[in-house]
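Undergrad: Quick one, protein38.pdb (PDB, C-alpha atoms and all ligand atoms):
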```
ATOM      1  CA  MET C 116     107.252 110.860  68.518  1.00  0.00           C
ATOM      2  CA  TYR C 117     106.578 107.696  70.532  1.00  0.00           C
ATOM      3  CA  CYS C 118     102.858 108.475  70.337  1.00  0.00           C
ATOM      4  CA  TYR C 119     102.835 108.328  66.527  1.00  0.00           C
ATOM      5  CA  TYR C 120     105.049 105.258  66.442  1.00  0.00           C
ATOM      6  CA  SER C 121     102.693 103.568  68.916  1.00  0.00           C
ATOM      7  CA  ARG C 122      99.701 104.557  66.767  1.00  0.00           C
ATOM      8  CA  LEU C 123     101.473 103.042  63.748  1.00  0.00           C
ATOM      9  CA  LEU C 124     101.925  99.741  65.612  1.00  0.00           C
ATOM     10  CA  HIS C 125      98.149  99.714  66.130  1.00  0.00           C
ATOM     11  CA  HIS C 126      97.379 100.162  62.433  1.00  0.00           C
ATOM     12  CA  ARG C 127      95.232  97.247  61.268  1.00  0.00           C
ATOM     13  CA  ALA C 128      97.758  96.242  58.581  1.00  0.00           C
ATOM     14  CA  ILE C 129     100.542  95.866  61.166  1.00  0.00           C
ATOM     15  CA  TYR C 130      98.974  95.191  64.564  1.00  0.00           C
ATOM     16  CA  LYS C 131      98.244  91.464  64.277  1.00  0.00           C
ATOM     17  CA  TYR C 132     101.723  90.703  62.918  1.00  0.00           C
ATOM     18  CA  ILE C 133     103.828  92.678  65.388  1.00  0.00           C
ATOM     19  CA  HIS C 134     102.225  94.520  68.314  1.00  0.00           C
ATOM     20  CA  LYS C 135      99.429  92.062  69.176  1.00  0.00           C
ATOM     21  CA  GLN C 136     101.967  89.826  70.917  1.00  0.00           C
ATOM     22  CA  HIS C 137     102.794  92.600  73.399  1.00  0.00           C
ATOM     23  CA  HIS C 138      99.074  93.165  74.049  1.00  0.00           C
ATOM     24  CA  GLN C 139      98.506  89.561  75.101  1.00  0.00           C
ATOM     25  CA  TRP C 140      99.157  90.994  78.565  1.00  0.00           C
ATOM     26  CA  THR C 141      96.004  92.976  79.345  1.00  0.00           C
ATOM     27  CA  ALA C 142      97.180  93.541  82.932  1.00  0.00           C
ATOM     28  CA  PRO C 143     100.961  93.498  82.493  1.00  0.00           C
ATOM     29  CA  ILE C 144     103.736  92.848  84.971  1.00  0.00           C
ATOM     30  CA  ALA C 145     107.202  94.376  84.641  1.00  0.00           C
ATOM     31  CA  ILE C 146     108.772  91.554  82.614  1.00  0.00           C
ATOM     32  CA  ALA C 147     105.919  91.830  80.068  1.00  0.00           C
ATOM     33  CA  ALA C 148     107.598  95.032  78.868  1.00  0.00           C
ATOM     34  CA  MET C 149     110.049  92.855  76.958  1.00  0.00           C
ATOM     35  CA  TYR C 150     107.421  90.380  75.745  1.00  0.00           C
ATOM     36  CA  CYS C 151     107.019  91.472  72.141  1.00  0.00           C
ATOM     37  CA  HIS C 152     107.805  90.582  68.535  1.00  0.00           C
ATOM     38  CA  PRO C 153     111.560  90.812  67.719  1.00  0.00           C
ATOM     39  CA  VAL C 154     110.913  93.652  65.259  1.00  0.00           C
ATOM     40  CA  GLU C 155     109.092  95.600  67.965  1.00  0.00           C
ATOM     41  CA  HIS C 156     111.861  94.862  70.452  1.00  0.00           C
ATOM     42  CA  ILE C 157     114.470  96.363  68.146  1.00  0.00           C
ATOM     43  CA  LEU C 158     112.375  99.346  67.039  1.00  0.00           C
ATOM     44  CA  SER C 159     110.717 100.105  70.405  1.00  0.00           C
ATOM     45  CA  ASN C 160     113.049  98.914  73.128  1.00  0.00           C
ATOM     46  CA  LEU C 161     116.576  99.085  71.720  1.00  0.00           C
ATOM     47  CA  LEU C 162     116.706 101.736  69.005  1.00  0.00           C
ATOM     48  CA  PRO C 163     115.095 104.773  70.727  1.00  0.00           C
ATOM     49  CA  PRO C 164     117.492 104.918  73.684  1.00  0.00           C
ATOM     50  CA  ALA C 165     120.445 104.126  71.392  1.00  0.00           C
ATOM     51  CA  ILE C 166     119.661 107.015  69.020  1.00  0.00           C
ATOM     52  CA  GLY C 167     120.364 109.584  71.737  1.00  0.00           C
ATOM     53  CA  ILE C 168     123.661 107.880  72.502  1.00  0.00           C
ATOM     54  CA  GLN C 169     124.647 107.897  68.813  1.00  0.00           C
ATOM     55  CA  LEU C 170     123.665 111.537  68.364  1.00  0.00           C
ATOM     56  CA  PHE C 171     125.410 112.985  71.383  1.00  0.00           C
ATOM     57  CA  GLY C 172     128.173 110.455  72.169  1.00  0.00           C
ATOM     58  CA  PRO C 173     128.191 110.880  75.955  1.00  0.00           C
ATOM     59  CA  HIS C 174     130.688 109.363  78.387  1.00  0.00           C
ATOM     60  CA  ILE C 175     130.244 105.600  78.974  1.00  0.00           C
ATOM     61  CA  ALA C 176     129.080 106.214  82.556  1.00  0.00           C
ATOM     62  CA  THR C 177     126.381 108.560  81.261  1.00  0.00           C
ATOM     63  CA  GLN C 178     125.324 105.865  78.776  1.00  0.00           C
ATOM     64  CA  TRP C 179     124.932 103.359  81.625  1.00  0.00           C
ATOM     65  CA  VAL C 180     122.797 105.777  83.606  1.00  0.00           C
ATOM     66  CA  TRP C 181     120.717 106.583  80.503  1.00  0.00           C
ATOM     67  CA  PHE C 182     119.997 102.914  79.713  1.00  0.00           C
ATOM     68  CA  ALA C 183     119.310 102.152  83.389  1.00  0.00           C
ATOM     69  CA  LEU C 184     116.779 104.995  83.607  1.00  0.00           C
ATOM     70  CA  ALA C 185     115.145 103.930  80.328  1.00  0.00           C
ATOM     71  CA  LEU C 186     114.856 100.344  81.594  1.00  0.00           C
ATOM     72  CA  ILE C 187     113.465 101.416  84.969  1.00  0.00           C
ATOM     73  CA  GLN C 188     110.875 103.599  83.247  1.00  0.00           C
ATOM     74  CA  THR C 189     109.817 100.804  80.872  1.00  0.00           C
ATOM     75  CA  LEU C 190     109.629  98.199  83.627  1.00  0.00           C
ATOM     76  CA  ASN C 191     107.699 100.602  85.853  1.00  0.00           C
ATOM     77  CA  ASP C 192     105.204 101.364  83.064  1.00  0.00           C
ATOM     78  CA  HIS C 193     104.344  97.668  82.985  1.00  0.00           C
ATOM     79  CA  SER C 194     104.628  96.915  86.716  1.00  0.00           C
ATOM     80  CA  GLY C 195     101.271  98.176  87.926  1.00  0.00           C
ATOM     81  CA  TYR C 196     103.041  99.694  90.932  1.00  0.00           C
ATOM     82  CA  HIS C 197     103.232 103.333  91.883  1.00  0.00           C
ATOM     83  CA  ILE C 198     106.825 103.771  92.963  1.00  0.00           C
ATOM     84  CA  PRO C 199     107.575 107.123  94.606  1.00  0.00           C
ATOM     85  CA  ASN C 200     109.292 109.687  92.348  1.00  0.00           C
ATOM     86  CA  ILE C 201     108.853 107.572  89.203  1.00  0.00           C
ATOM     87  CA  SER C 202     106.067 108.366  86.753  1.00  0.00           C
ATOM     88  CA  THR C 203     102.732 106.629  87.160  1.00  0.00           C
ATOM     89  CA  PRO C 204     101.997 103.423  85.194  1.00  0.00           C
ATOM     90  CA  GLU C 205      98.242 104.131  84.995  1.00  0.00           C
ATOM     91  CA  ALA C 206      98.083 105.366  81.383  1.00  0.00           C
ATOM     92  CA  HIS C 207     100.096 102.472  79.938  1.00  0.00           C
ATOM     93  CA  ASP C 208      98.185  99.996  82.113  1.00  0.00           C
ATOM     94  CA  TYR C 209      95.013 101.424  80.615  1.00  0.00           C
ATOM     95  CA  HIS C 210      96.532 101.136  77.118  1.00  0.00           C
ATOM     96  CA  HIS C 211      97.042  97.403  77.699  1.00  0.00           C
ATOM     97  CA  MET C 212      93.440  97.097  78.870  1.00  0.00           C
ATOM     98  CA  LYS C 213      91.944  99.203  76.050  1.00  0.00           C
ATOM     99  CA  SER C 214      94.322  99.320  73.107  1.00  0.00           C
ATOM    100  CA  THR C 215      92.585 102.300  71.451  1.00  0.00           C
ATOM    101  CA  GLN C 216      93.548 104.615  74.334  1.00  0.00           C
ATOM    102  CA  CYS C 217      96.720 106.229  75.735  1.00  0.00           C
ATOM    103  CA  PHE C 218      99.360 105.847  73.033  1.00  0.00           C
ATOM    104  CA  ALA C 219     101.703 108.601  74.223  1.00  0.00           C
ATOM    105  CA  GLY C 220     104.488 108.399  76.760  1.00  0.00           C
ATOM    106  CA  LEU C 221     103.714 111.601  78.632  1.00  0.00           C
ATOM    107  CA  GLY C 222     100.028 111.944  77.757  1.00  0.00           C
ATOM    108  CA  ILE C 223     100.223 115.405  76.205  1.00  0.00           C
ATOM    109  CA  LEU C 224      99.737 114.157  72.632  1.00  0.00           C
ATOM    110  CA  ASP C 225      96.927 111.845  73.787  1.00  0.00           C
ATOM    111  CA  TYR C 226      95.202 114.914  75.208  1.00  0.00           C
ATOM    112  CA  ILE C 227      95.731 116.887  71.974  1.00  0.00           C
ATOM    113  CA  HIS C 228      94.488 114.033  69.737  1.00  0.00           C
ATOM    114  CA  GLY C 229      91.678 112.974  72.080  1.00  0.00           C
ATOM    115  CA  THR C 230      93.015 109.442  72.384  1.00  0.00           C
ATOM    116  CA  ASP C 231      92.639 109.454  76.166  1.00  0.00           C
ATOM    117  CA  LEU C 232      88.943 110.406  76.475  1.00  0.00           C
ATOM    118  CA  GLN C 233      87.858 107.043  77.938  1.00  0.00           C
ATOM    119  CA  PHE C 234      90.890 107.058  80.248  1.00  0.00           C
ATOM    120  CA  ARG C 235      90.011 110.540  81.524  1.00  0.00           C
ATOM    121  CA  GLN C 236      86.500 109.361  82.409  1.00  0.00           C
ATOM    122  CA  SER C 237      87.708 106.216  84.171  1.00  0.00           C
ATOM    123  CA  SER C 238      88.644 105.617  87.790  1.00  0.00           C
ATOM    124  CA  TYR C 239      92.217 104.902  86.611  1.00  0.00           C
ATOM    125  CA  PHE C 240      92.645 108.559  85.670  1.00  0.00           C
ATOM    126  CA  LYS C 241      92.162 109.591  89.300  1.00  0.00           C
ATOM    127  CA  ARG C 242      95.199 107.490  90.275  1.00  0.00           C
ATOM    128  CA  ARG C 243      97.556 108.767  87.550  1.00  0.00           C
ATOM    129  CA  PHE C 244      99.708 110.922  89.838  1.00  0.00           C
ATOM    130  CA  ARG C 245     103.404 110.540  90.573  1.00  0.00           C
ATOM    131  CA  LEU C 246     103.805 109.659  94.232  1.00  0.00           C
ATOM    132  CA  SER C 247     106.153 111.502  96.528  1.00  0.00           C
ATOM    133  CA  ASP C 248     105.609 109.138  99.480  1.00  0.00           C
ATOM    134  CA  PHE C 249     104.478 105.565 100.144  1.00  0.00           C
ATOM    135  CA  VAL C 250     100.752 106.305 100.571  1.00  0.00           C
ATOM    136  CA  SER C 251      98.697 104.036  98.318  1.00  0.00           C
ATOM    137  CA  THR C 252      96.872 105.582  95.379  1.00  0.00           C
ATOM    138  CA  LYS C 253      93.679 103.903  96.598  1.00  0.00           C
ATOM    139  CA  TYR C 254      93.435 106.838  99.026  1.00  0.00           C
ATOM    140  CA  PHE C 255      93.471 109.434  96.228  1.00  0.00           C
ATOM    141  CA  GLY C 256      90.348 111.544  96.452  1.00  0.00           C
ATOM    142  CA  LYS C 257      89.582 110.170  99.928  1.00  0.00           C
ATOM    143  CA  ALA C 258      90.617 111.288 103.398  1.00  0.00           C
ATOM    144  CA  LYS C 259      93.643 109.351 104.683  1.00  0.00           C
ATOM    145  CA  GLN C 260      92.891 107.144 107.688  1.00  0.00           C
TER
HETATM  146 ZN    ZN G 301     103.278  97.851  76.988  1.00  0.00          ZN
HETATM  147 ZN    ZN G 302      99.891  99.070  72.191  1.00  0.00          ZN
END
```
What do you get writing this file as structure tokens?
Ligand SMILES: [Zn+2]
Ligand SMILES: [Zn+2]
TA:
Amino acid sequence: MYCYYSRLLHHRAIYKYIHKQHHQWTAPIAIAAMYCHPVEHILSNLLPPAIGIQLFGPHIATQWVWFALALIQTLNDHSGYHIPNISTPEAHDYHHMKSTQCFAGLGILDYIHGTDLQFRQSSYFKRRFRLSDFVSTKYFGKAKQ
């Protein structure tokens, strides 16, 4: 779902009015996740996590955990850091660098639609793994020293 919404934001009739502001950061830092047009902030950052809450009505503590995890994921996607046991930011970093690539959150729909072909051929793709320790991704594909 996010993949198609993201593709819509990149449509030529919409992009320059709404999503272009977010793409001013071609190598984003965590706080750049919130740097966007107010319409995008409501539709991308606030509404999606709130829909699940409205649909299922969980306990308030569960809502706090849900919003905290959503925020951590969003900040991580824009941080440029590989934090152990949190998903890799490589695909979204690449999306900020080349806005015609990597629209999806998990990458499955990008693979199906072929919108990650340049990413798959880049050196960034080799570093797209979730870390389980504190070894830098610069050692991926090389022997550790
Ligand atoms: Zn972004
Ligand atoms: Zn974008």
Undergrad: Residues at most 7 Å from Ser202 (chain C), counting only C-alpha atoms, excluding those fewer than 2 positions away in the same chain, as an NGL selection string?
TA: :C and (200 or 204 or 245)
Undergrad: Using only C-alpha atoms, please write the residues we just selected to a file, as a PDB file, keeping the file's coordinate frame.
TA:
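Saved the output as out-v2.pdb:
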```pdb
ATOM      1  CA  ASN C 200     109.292 109.687  92.348  1.00  0.00           C
ATOM      2  CA  PRO C 204     101.997 103.423  85.194  1.00  0.00           C
ATOM      3  CA  ARG C 245     103.404 110.540  90.573  1.00  0.00           C
TER       4      ARG C 245
END
```
Undergrad: Can you list, as a list of chain:residue names, every protein, DNA or RNA residue that comes within 6 Å of region 207-222 of chain C when you count all atoms listed in the file, leaving out same-chain residues fewer than 3 positions away?
TA: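 What passes the distance filter is C:Cys118, C:Ser121, C:His138, C:Thr141, C:Pro204, C:Asp225, C:Thr230, C:Asp231.
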Undergrad: Between C:Val154, C:Ser159, C:Gly167, C:Ser247, which has the minimum distance to ligand ZN 302 (chain G) (counting all atoms listed in the file)?
TA: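 Going through C:Val154, C:Ser159, C:Gly167, C:Ser247 one by one, the smallest distance to ligand ZN 302 (chain G) is for C:Ser159.
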Undergrad: Evaluate the PyMOL selection byres (((chain C and resi 198) around 12) and not hetatm) on the structure here and hand back the selected residues as a list in words.
TA: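 This file gives the following for the PyMOL selection byres (((chain C and resi 198) around 12) and not hetatm): Ile187, Gln188, Leu190, Asn191, Asp192, His193, Ser194, Gly195, Tyr196, His197, Pro199, Asn200, Ile201, Ser202, Thr203, Pro204, Glu205, Arg243, Phe244, Arg245, Leu246, Ser247, Asp248, Phe249, Val250, Ser251 and Thr252 of chain C.
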Undergrad: Any idea what the distance is between CA of Asn160 (chain C) and CA of Phe182 (chain C)?
TA: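 Taking CA of Asn160 (chain C) and CA of Phe182 (chain C), their separation equals 10.4 Å.
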Undergrad: Interatomic distance between CA of Met149 (chain C) and CA of Leu161 (chain C)?
TA: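 Computing it gives 10.4 Å between the two atoms.
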Undergrad: Using all atoms listed in the file for the distances, tell me which of C:Gln178, C:Ser238, C:Gln169, C:Gln136 is nearest to ligand ZN 301 (chain G).
TA: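 Checking each candidate against ligand ZN 301 (chain G), we get C:Gln136 as the closest.
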Undergrad: Of the candidates C:Tyr120, C:His174, C:Ala142, C:Ile133, which one gets nearest to ligand ZN 301 (chain G) if we count only C-alpha atoms and all ligand atoms?
TA: C:Ala142
Undergrad: Nearest to ligand ZN 302 (chain G): which of C:Ala206, C:Pro153, C:Leu184, C:Ile227 is it, counting only C-alpha atoms and all ligand atoms?
TA: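 Of all the options, C:Ala206 lies closest to ligand ZN 302 (chain G).
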Undergrad: For each of C:Ile175, C:Leu232, C:Ile168, C:Ile146, take the minimum atom-to-atom distance to ligand ZN 301 (chain G), counting all atoms listed in the file, then give the residue where this is smallest.
TA: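 Result for the nearest residue to ligand ZN 301 (chain G): C:Ile146.
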Undergrad: Any idea what the distance is between CA of His152 (chain C) and CA of Gln139 (chain C)?
TA: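 For CA of His152 (chain C) relative to CA of Gln139 (chain C), the distance reads 11.4 Å.
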Undergrad: Compare C:Tyr132, C:Ile144, C:Tyr117, C:His137 by their minimum atom-to-atom distance to Pro164 (chain C), counting all atoms listed in the file, and give me the closest one.
TA: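 The answer is C:Tyr117, which sits nearest to Pro164 (chain C).
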